[in-house]
Amino acid sequence: MIEVNELRKSYGSYAAVKGVSFEVAPGEIFALLGRNGAGKTTTVEVLAGFQRPDGGTVRVAGLDPWSDRAAVRQRVGIMLQEAGFFPDLTVARTVAVWRDFTAAPRPVGEALDLAGLSDKARTRVRQLSGGEKRRLDLALALLGRPDVLFLDEPTAGMDPEARANTWEVVSALAARGTTILLTTHYLEEAQRLASSMAIMDEGEIVAAGGIAETLAGRGGRVAFRLPAGVAADDLPLPVTVEGGTAVCRAEDPDLAAQTLLTWAAGRGLRLSGLEVRAATLEDLFLDLPRSAR
C-alpha cells in the first residue's frame, strides 16, 4: 500500500532524506522511528503529497502522491504534529467544518466517538488540553474513512488513559484493513502497535524489519541492584553497572537469571530489584551507535 524506493529530499544544501526505501503492506501498522531531525516528518510529508521528492519513487495506494495529489488525498488521512484550529469554534463545529472539505465523511458524532471526544462536543477548541487537541487531530484524520493513515506523534501530550484509548482505536482500524504509518518517540507505543519498523538517522535507515523477528534475535536482559561489597568481576556472568544497577544482556535471559540466583544463593546474597525481560525496541534503539540515534 506504501512503496518508497531510494527517496531523496533536500532543502538547499541540507539533505534531509538520503535514499530511503521501505514498503508497508495493506492493513499493516508500520513504525518510522528516530530522533528529532532524523528525516521522519519529511518522509511523511512526501508520502502525503506536501513535498515533492528530489529523487527516487514513492507510491501510496499505487499512486504518485505529488502528481496524483487529488486522488491520493481522497484515500489518505493525516495527523501531523501540529494542526491549525479556529480557537473559538466548538469541537463539534470544527469537525462539521472539516466535513465540507472531505469526500464521503463520517457523521460528526461518529468521528468524535472514535477519538474519545463525545463529551467535549460543545467545548471551544481553545479550552482543550494539549492531549485533547491531539484527539481532535485524530478525529479529523479519520473523518474521510481513509485507506491509508499517517500518524505523526499521535499521542504526544495525552494522559495514559487517552493514550491507551488511542491505541485501541488505531489497532481496530488496522484490523479493519486501514494501512497505518506511525511516527512516535514512545518506543513502547511502537512496539505495542506496529508489526514492522524502520529507524532513521540523519536521513538514512539504520535498522529495519519485523519487530517480533528483530527482537527475538536480540535475547534480553537481567537487571538487579549490585549487592554491597560485590564487584562486577565477582559475578558469574558479564554485566555492566549503571548507577548501582547491574545489567546482564543474554540470549536466554531466563537461564541467565537462574545462573545469577544460584550463584547468589550459594553466597547468602540477595539480588534485590531483580528484573528479567525480553529485548525491547528501547534496547534496540539504545544499542545503535550514538550517531544512529
# chains A, B, ... in the order shown; residues from 1 in each chain; ligands from 1

$ residues_around --residues "Asp113 (chain A)" --least-positions-apart "6" --cutoff "12 Å" --atoms "only C-alpha atoms" --output "PyMOL selection string"
chain A and resi 91-92+95+106-107+119-121+135-136+138-140+142-143+165-166+169

$ select_by_dssp --residues "region 96-126 of chain A" --states "alpha helix (DSSP H)" --output "list in words"
Ala96, Val97, Trp98, Arg99, Val108, Gly109, Glu110, Ala111, Leu112, Asp113 and Leu114 of chain A

$ residues_around --residues "Ile78 (chain A)" --least-positions-apart "4" --cutoff "8 Å" --atoms "only C-alpha atoms" --output "list in words"
Ala48, Ala141, Leu149, Phe150 and Leu151 of chain A

$ write_last_selection --atoms "C-alpha atoms" --output "PDB file, in the first residue's frame"
ATOM      1  CA  ALA A  48       1.236  12.792   1.913  1.00  0.00           C
ATOM      2  CA  ALA A 141      -7.720  12.397  10.221  1.00  0.00           C
ATOM      3  CA  LEU A 149      -3.473   6.810   7.715  1.00  0.00           C
ATOM      4  CA  PHE A 150      -0.357   8.825   8.584  1.00  0.00           C
ATOM      5  CA  LEU A 151       0.060   9.421  12.326  1.00  0.00           C
TER       6      LEU A 151
END

$ select_by_dssp --residues "region 69-238 of chain A" --states "strand (DSSP E or B)" --output "JSON, numbers by chain"
{"A": [76, 77, 78, 79, 90, 124, 148, 149, 150, 151, 152, 179, 180, 181, 182, 183, 196, 197, 198, 199, 200, 201, 204, 205, 206, 207, 208, 209, 210, 220, 221, 222, 223, 224, 225]}

$ write_last_selection --atoms "C-alpha atoms" --output "compact mmCIF listing (two decimals), in the first residue's frame"
# COMPACT_ATOMS: atom_id res chain seq x y z
CA VAL A 76 -5.45 9.24 2.93
CA GLY A 77 -5.92 10.57 6.47
CA ILE A 78 -3.17 12.69 8.01
CA MET A 79 -2.46 13.55 11.63
CA THR A 90 -16.56 24.23 19.36
CA ARG A 124 -14.41 25.54 22.43
CA VAL A 148 -4.02 4.90 4.47
CA LEU A 149 -3.47 6.81 7.72
CA PHE A 150 -0.36 8.82 8.58
CA LEU A 151 0.06 9.42 12.33
CA ASP A 152 2.89 11.78 13.31
CA THR A 179 -2.79 0.82 6.44
CA ILE A 180 -1.06 2.96 9.08
CA LEU A 181 2.33 4.65 9.11
CA LEU A 182 3.20 5.80 12.62
CA THR A 183 5.99 8.04 13.86
CA SER A 196 7.34 -3.76 11.42
CA MET A 197 9.55 -0.70 11.68
CA ALA A 198 12.46 1.32 10.36
CA ILE A 199 14.78 3.52 12.41
CA MET A 200 16.09 6.63 10.66
CA ASP A 201 19.16 8.69 11.50
CA GLU A 204 19.04 7.20 6.34
CA ILE A 205 17.53 3.95 7.60
CA VAL A 206 19.93 2.33 10.07
CA ALA A 207 17.74 -0.58 11.22
CA ALA A 208 14.58 -2.16 9.79
CA GLY A 209 12.46 -5.29 9.83
CA GLY A 210 9.61 -7.07 11.53
CA GLY A 220 17.01 -9.96 26.60
CA ARG A 221 18.37 -8.61 29.86
CA VAL A 222 18.56 -9.28 33.58
CA ALA A 223 18.91 -6.30 35.91
CA PHE A 224 19.35 -6.13 39.68
CA ARG A 225 20.92 -3.97 42.36

$ residues_around --residues "Ala231 (chain A)" --least-positions-apart "5" --cutoff "10 Å" --atoms "only C-alpha atoms" --output "PDB file with N, CA, C and O atoms, in the first residue's frame"
ATOM      1  N   LEU A 226      23.302  -4.262  42.514  1.00  0.00           N
ATOM      2  CA  LEU A 226      24.538  -4.956  42.857  1.00  0.00           C
ATOM      3  C   LEU A 226      24.679  -5.018  44.385  1.00  0.00           C
ATOM      4  O   LEU A 226      24.647  -3.978  45.054  1.00  0.00           O
ATOM      5  N   VAL A 241      27.541  -2.060  34.926  1.00  0.00           N
ATOM      6  CA  VAL A 241      26.959  -1.463  36.120  1.00  0.00           C
ATOM      7  C   VAL A 241      26.615  -0.014  35.819  1.00  0.00           C
ATOM      8  O   VAL A 241      27.471   0.768  35.392  1.00  0.00           O
ATOM      9  N   ALA A 246      23.222  -3.593  38.160  1.00  0.00           N
ATOM     10  CA  ALA A 246      23.958  -4.476  37.265  1.00  0.00           C
ATOM     11  C   ALA A 246      23.025  -4.950  36.162  1.00  0.00           C
ATOM     12  O   ALA A 246      21.886  -5.353  36.437  1.00  0.00           O
TER      13      ALA A 246
END

$ closest_residue --among "A:Arg59, A:Arg73, A:Arg277, A:Arg126" --to "Phe101 (chain A)" --atoms "only C-alpha atoms"
A:Arg73

$ residues_around --residues "Thr155 (chain A)" --least-positions-apart "4" --cutoff "9 Å" --atoms "only C-alpha atoms" --output "JSON, numbers by chain"
{"A": [131, 134, 135, 159, 162, 163, 166, 167, 184, 186, 189]}

$ atom_distance --atom1 "CA of Arg218 (chain A)" --atom2 "CA of Arg192 (chain A)"
17.5 Å

$ residues_around --residues "Asp147 (chain A)" --least-positions-apart "2" --cutoff "10 Å" --atoms "only C-alpha atoms" --output "short mmCIF file (atom, residue, chain, number, x, y, z; two decimals) with N, CA, C and O atoms, in the first residue's frame"
data_model
loop_
_atom_site.label_atom_id
_atom_site.label_comp_id
_atom_site.auth_asym_id
_atom_site.auth_seq_id
_atom_site.Cartn_x
_atom_site.Cartn_y
_atom_site.Cartn_z
N MET A 1 0.83 -1.21 0.00
CA MET A 1 0.00 0.00 0.00
C MET A 1 0.86 1.26 0.00
O MET A 1 0.46 2.30 -0.53
N PRO A 26 -0.89 -3.74 2.95
CA PRO A 26 -2.26 -3.35 3.31
C PRO A 26 -2.63 -3.85 4.71
O PRO A 26 -2.37 -5.00 5.06
N GLY A 27 -3.21 -2.98 5.52
CA GLY A 27 -3.64 -3.34 6.86
C GLY A 27 -2.53 -3.44 7.88
O GLY A 27 -2.76 -3.82 9.03
N VAL A 60 1.62 5.62 -3.04
CA VAL A 60 0.64 5.38 -1.98
C VAL A 60 -0.62 4.87 -2.66
O VAL A 60 -1.18 5.55 -3.52
N ALA A 61 -1.03 3.66 -2.32
CA ALA A 61 -2.16 3.00 -2.98
C ALA A 61 -1.96 2.98 -4.50
O ALA A 61 -2.91 3.15 -5.27
N VAL A 72 -4.93 10.87 -4.29
CA VAL A 72 -4.33 10.32 -3.09
C VAL A 72 -5.03 10.85 -1.85
O VAL A 72 -5.32 10.10 -0.90
N GLN A 74 -7.99 11.68 -1.33
CA GLN A 74 -9.29 11.09 -1.08
C GLN A 74 -9.18 9.76 -0.35
O GLN A 74 -10.15 9.28 0.22
N ARG A 75 -7.98 9.19 -0.35
CA ARG A 75 -7.78 7.87 0.27
C ARG A 75 -6.90 7.91 1.50
O ARG A 75 -6.63 6.87 2.10
N VAL A 76 -6.43 9.11 1.86
CA VAL A 76 -5.45 9.24 2.93
C VAL A 76 -5.98 10.11 4.06
O VAL A 76 -6.65 11.11 3.83
N GLY A 77 -5.67 9.73 5.30
CA GLY A 77 -5.92 10.57 6.47
C GLY A 77 -4.58 10.95 7.06
O GLY A 77 -3.65 10.14 7.08
N LEU A 142 -9.51 10.83 10.70
CA LEU A 142 -10.36 9.66 10.44
C LEU A 142 -11.65 10.01 9.72
O LEU A 142 -12.41 9.12 9.35
N GLY A 144 -12.54 11.01 6.78
CA GLY A 144 -12.81 10.52 5.43
C GLY A 144 -12.71 9.03 5.25
O GLY A 144 -12.60 8.56 4.12
N ARG A 145 -12.72 8.26 6.34
CA ARG A 145 -12.61 6.79 6.27
C ARG A 145 -11.40 6.38 5.41
O ARG A 145 -11.53 5.67 4.39
N LEU A 149 -3.45 5.82 6.64
CA LEU A 149 -3.47 6.81 7.72
C LEU A 149 -2.04 7.11 8.15
O LEU A 149 -1.28 6.20 8.49
N LEU A 173 -8.62 0.04 13.67
CA LEU A 173 -8.58 0.50 12.29
C LEU A 173 -7.74 -0.44 11.42
O LEU A 173 -8.13 -0.81 10.31
N ALA A 174 -6.58 -0.84 11.93
CA ALA A 174 -5.71 -1.75 11.18
C ALA A 174 -6.39 -3.11 11.00
O ALA A 174 -6.30 -3.72 9.93
N ARG A 176 -9.42 -3.62 10.57
CA ARG A 176 -10.43 -3.49 9.52
C ARG A 176 -9.81 -3.17 8.16
O ARG A 176 -10.53 -2.89 7.20
N GLY A 177 -8.46 -3.18 8.08
CA GLY A 177 -7.81 -3.04 6.78
C GLY A 177 -7.14 -1.73 6.49
O GLY A 177 -6.55 -1.56 5.42
N THR A 178 -7.19 -0.76 7.42
CA THR A 178 -6.51 0.52 7.20
C THR A 178 -5.00 0.34 7.34
O THR A 178 -4.53 -0.28 8.29
N THR A 179 -4.26 0.85 6.39
CA THR A 179 -2.79 0.82 6.44
C THR A 179 -2.31 2.06 7.19
O THR A 179 -2.73 3.17 6.88
N ILE A 180 -1.44 1.86 8.18
CA ILE A 180 -1.06 2.96 9.08
C ILE A 180 0.45 3.10 9.14
O ILE A 180 1.16 2.12 9.40
#

$ atom_distance --atom1 "CA of Ala38 (chain A)" --atom2 "CA of Glu213 (chain A)"
24.0 Å

$ atom_distance --atom1 "CA of Trp66 (chain A)" --atom2 "CA of Thr94 (chain A)"
27.5 Å
